[in-house]
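Inspection log for the structure reproduced underneath, given as structure tokens.
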Amino acid sequence: MAEISQSSGSSSRAHIRSKKLSTRIDMTPMVDLAFLLLTFFILTTTLSKLKVMEIGMPEKTDETTPINEKHVLTLLLDGSDKVYWRQGISIPKLESVKFSHDPITQLLTTKNTEIDKMLVLVKATDKSKYKNLVDIVDELAVAKIERYCIVDVTKEDEELIRANH
């Protein structure tokens with residue numbers, strides 16, 4: 001601090017102030033405590049839990065139940081932003097729907113009302129994303145479709161997809 005001195009001609013006394021030292025705070029213990037608390041919370045908490053989607057699988061039996069081809073809706077997932085579909089298994093014509101919530105839900109609900117005892121076959125190619133498969137299964141649940149199968153893509157399906165690109 002600065003010292004204030006007054007002229008000696010006046011009758012008042014001169015004020016002399018003492019030097020004040022700046023205070024220094026040692027932050028080492030606080031930093032140690034912060035790191036100890038941080039380490040404690042990191043080691044004792046769970047970061048994230050896995051999300052599991054339950055799929056009910058039927059028991060394997062030797063019996064096969066024939067299904068009428070008219071009651072089957074086939075959905076083909078490719079790497080693009082489209083879902084290819086056809087009613088039936090062996091129909092060589094595919095139609096496509098944009099891969100978003102509203103068109104897929106609309107397709108599934110209309111087909112569910114049109115087709116009695118509908119079975120949906122979901123086929124995902126190697127180019128498709130796992131997220132798209134999960135989204136389709138979610139859309140099936142939204143449309144209240146209980147009968148669906150996730151099956152392998154055949155060579156004929158891949159050729160149809162290539163032809164419709």
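By convention here, the chains of the structure tokens are called A, B, ... in the order presented, each chain's residues are numbered starting at 1, and ligands are numbered starting at 1 in the order presented.
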
Give me the range 51-104 of chain A side of the contact with range 110-122 of chain A, cut-off 8 Å, one line per residue showing its nearest atom pair and distance in Å at one decimal, counting only C-alpha atoms, sorted by chain and residue number, as JSON lines.
```
{"residue": "A:Lys70", "atom": "CA", "partner": "A:Ile115", "partner_atom": "CA", "distance": 7.8}
{"residue": "A:His71", "atom": "CA", "partner": "A:Met118", "partner_atom": "CA", "distance": 4.8}
{"residue": "A:Val72", "atom": "CA", "partner": "A:Leu119", "partner_atom": "CA", "distance": 4.9}
{"residue": "A:Leu73", "atom": "CA", "partner": "A:Val120", "partner_atom": "CA", "distance": 4.7}
{"residue": "A:Thr74", "atom": "CA", "partner": "A:Leu121", "partner_atom": "CA", "distance": 4.7}
{"residue": "A:Leu75", "atom": "CA", "partner": "A:Val122", "partner_atom": "CA", "distance": 4.9}
{"residue": "A:Leu76", "atom": "CA", "partner": "A:Val122", "partner_atom": "CA", "distance": 6.2}
{"residue": "A:Leu77", "atom": "CA", "partner": "A:Val122", "partner_atom": "CA", "distance": 7.6}
```

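When DSSP reads the backbone of this structure, the residues of chain A it assigns to strand (DSSP E or B) are Val72, Leu73, Thr74, Leu75, Leu76, Leu77, Lys82, Val83, Tyr84, Trp85, Arg86, Gln87, Glu95, Ser96, Val97, Lys98, Leu119, Val120, Leu121, Val122, Lys123, Ala124, Tyr148, Cys149, Ile150 and Val151 of chain A.
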
Which of A:Ala163, A:Val83, A:Ala141, A:Val97 sits closest to Thr125 in chain A [using only C-alpha atoms]: A:Val83

Top pick for closest residue to Leu140 in chain A, considering A:Thr45, A:Thr105, A:His165, A:Glu63 and counting only C-alpha atoms: A:Thr105

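Atom to atom, CA of Leu94 in chain A and CA of Ile161 in chain A stand 7.7 Å apart.
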
One-decimal distance in Å that lies between CA of Lys60 in chain A and CA of Lys144 in chain A: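 Calculated distance between CA of Lys144 in chain A and CA of Lys60 in chain A is 24.3 Å.
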
CA of Tyr84 in chain A to CA of Ile55 in chain A, distance in Å rounded to a single decimal: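 Interatomic distance, CA of Tyr84 in chain A to CA of Ile55 in chain A: 23.2 Å.
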
All alpha helix (DSSP H) residues (DSSP, backbone) inside range 8-152 of chain A, as number ranges by chain: A: 28-44, 101-114, 130-142

For Val52 in chain A, the nearest of the candidates A:Val134, A:Leu37, A:Val151, A:Ala124, counting only C-alpha atoms: A:Val134

For Lys93 in chain A: contacts at 9 Å, only C-alpha atoms, fewer than 5 positions along chain excluded, given as JSON, numbers by chain: {"A": [85, 86, 160, 164]}

Take the residues from that selection and write them out as a PDB file, in the first residue's frame, keeping all heavy atoms.
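File produced: selection.pdb:
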```
ATOM      1  N   TRP A  85     -41.222 -53.555 -50.255  1.00  0.00           N
ATOM      2  CA  TRP A  85     -42.202 -54.499 -49.747  1.00  0.00           C
ATOM      3  C   TRP A  85     -42.980 -55.115 -50.891  1.00  0.00           C
ATOM      4  O   TRP A  85     -43.034 -54.593 -51.998  1.00  0.00           O
ATOM      5  CB  TRP A  85     -43.150 -53.815 -48.759  1.00  0.00           C
ATOM      6  CG  TRP A  85     -44.016 -52.748 -49.375  1.00  0.00           C
ATOM      7  CD1 TRP A  85     -43.707 -51.448 -49.583  1.00  0.00           C
ATOM      8  CD2 TRP A  85     -45.345 -52.919 -49.867  1.00  0.00           C
ATOM      9  NE1 TRP A  85     -44.741 -50.791 -50.176  1.00  0.00           N
ATOM     10  CE2 TRP A  85     -45.772 -51.674 -50.354  1.00  0.00           C
ATOM     11  CE3 TRP A  85     -46.225 -53.997 -49.945  1.00  0.00           C
ATOM     12  CZ2 TRP A  85     -47.026 -51.481 -50.909  1.00  0.00           C
ATOM     13  CZ3 TRP A  85     -47.487 -53.801 -50.483  1.00  0.00           C
ATOM     14  CH2 TRP A  85     -47.864 -52.550 -50.964  1.00  0.00           C
ATOM     15  N   ARG A  86     -43.555 -56.251 -50.586  1.00  0.00           N
ATOM     16  CA  ARG A  86     -44.459 -56.917 -51.516  1.00  0.00           C
ATOM     17  C   ARG A  86     -45.408 -57.786 -50.702  1.00  0.00           C
ATOM     18  O   ARG A  86     -45.086 -58.236 -49.606  1.00  0.00           O
ATOM     19  CB  ARG A  86     -43.691 -57.749 -52.529  1.00  0.00           C
ATOM     20  CG  ARG A  86     -42.966 -58.920 -51.917  1.00  0.00           C
ATOM     21  CD  ARG A  86     -42.279 -59.753 -52.961  1.00  0.00           C
ATOM     22  NE  ARG A  86     -41.528 -60.805 -52.308  1.00  0.00           N
ATOM     23  CZ  ARG A  86     -40.362 -61.228 -52.698  1.00  0.00           C
ATOM     24  NH1 ARG A  86     -39.782 -60.701 -53.752  1.00  0.00           N
ATOM     25  NH2 ARG A  86     -39.750 -62.190 -52.062  1.00  0.00           N
ATOM     26  N   LEU A 160     -34.018 -58.407 -56.949  1.00  0.00           N
ATOM     27  CA  LEU A 160     -35.174 -57.508 -57.063  1.00  0.00           C
ATOM     28  C   LEU A 160     -34.846 -56.103 -56.547  1.00  0.00           C
ATOM     29  O   LEU A 160     -35.263 -55.102 -57.122  1.00  0.00           O
ATOM     30  CB  LEU A 160     -36.367 -58.083 -56.299  1.00  0.00           C
ATOM     31  CG  LEU A 160     -37.094 -59.250 -56.963  1.00  0.00           C
ATOM     32  CD1 LEU A 160     -38.139 -59.816 -56.023  1.00  0.00           C
ATOM     33  CD2 LEU A 160     -37.744 -58.810 -58.245  1.00  0.00           C
ATOM     34  N   ASN A 164     -34.801 -52.555 -58.704  1.00  0.00           N
ATOM     35  CA  ASN A 164     -35.661 -51.424 -58.334  1.00  0.00           C
ATOM     36  C   ASN A 164     -34.898 -50.183 -57.950  1.00  0.00           C
ATOM     37  O   ASN A 164     -35.504 -49.156 -57.670  1.00  0.00           O
ATOM     38  CB  ASN A 164     -36.593 -51.821 -57.185  1.00  0.00           C
ATOM     39  CG  ASN A 164     -37.740 -52.663 -57.663  1.00  0.00           C
ATOM     40  OD1 ASN A 164     -38.377 -52.327 -58.649  1.00  0.00           O
ATOM     41  ND2 ASN A 164     -37.986 -53.773 -57.010  1.00  0.00           N
TER      42      ASN A 164
END
```

Which of A:Asp81, A:Cys149, A:Pro103, A:Glu69 sits closest to Lys129 in chain A [using only C-alpha atoms]: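 Checking each of A:Asp81, A:Cys149, A:Pro103, A:Glu69 against Lys129 in chain A, counting only C-alpha atoms, the winner is A:Asp81.
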
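Closest approach to Met57 in chain A from the set A:Asp78, A:Glu146, A:Asp32, A:Asp26 is made by A:Glu146, with distances taken over only C-alpha atoms.
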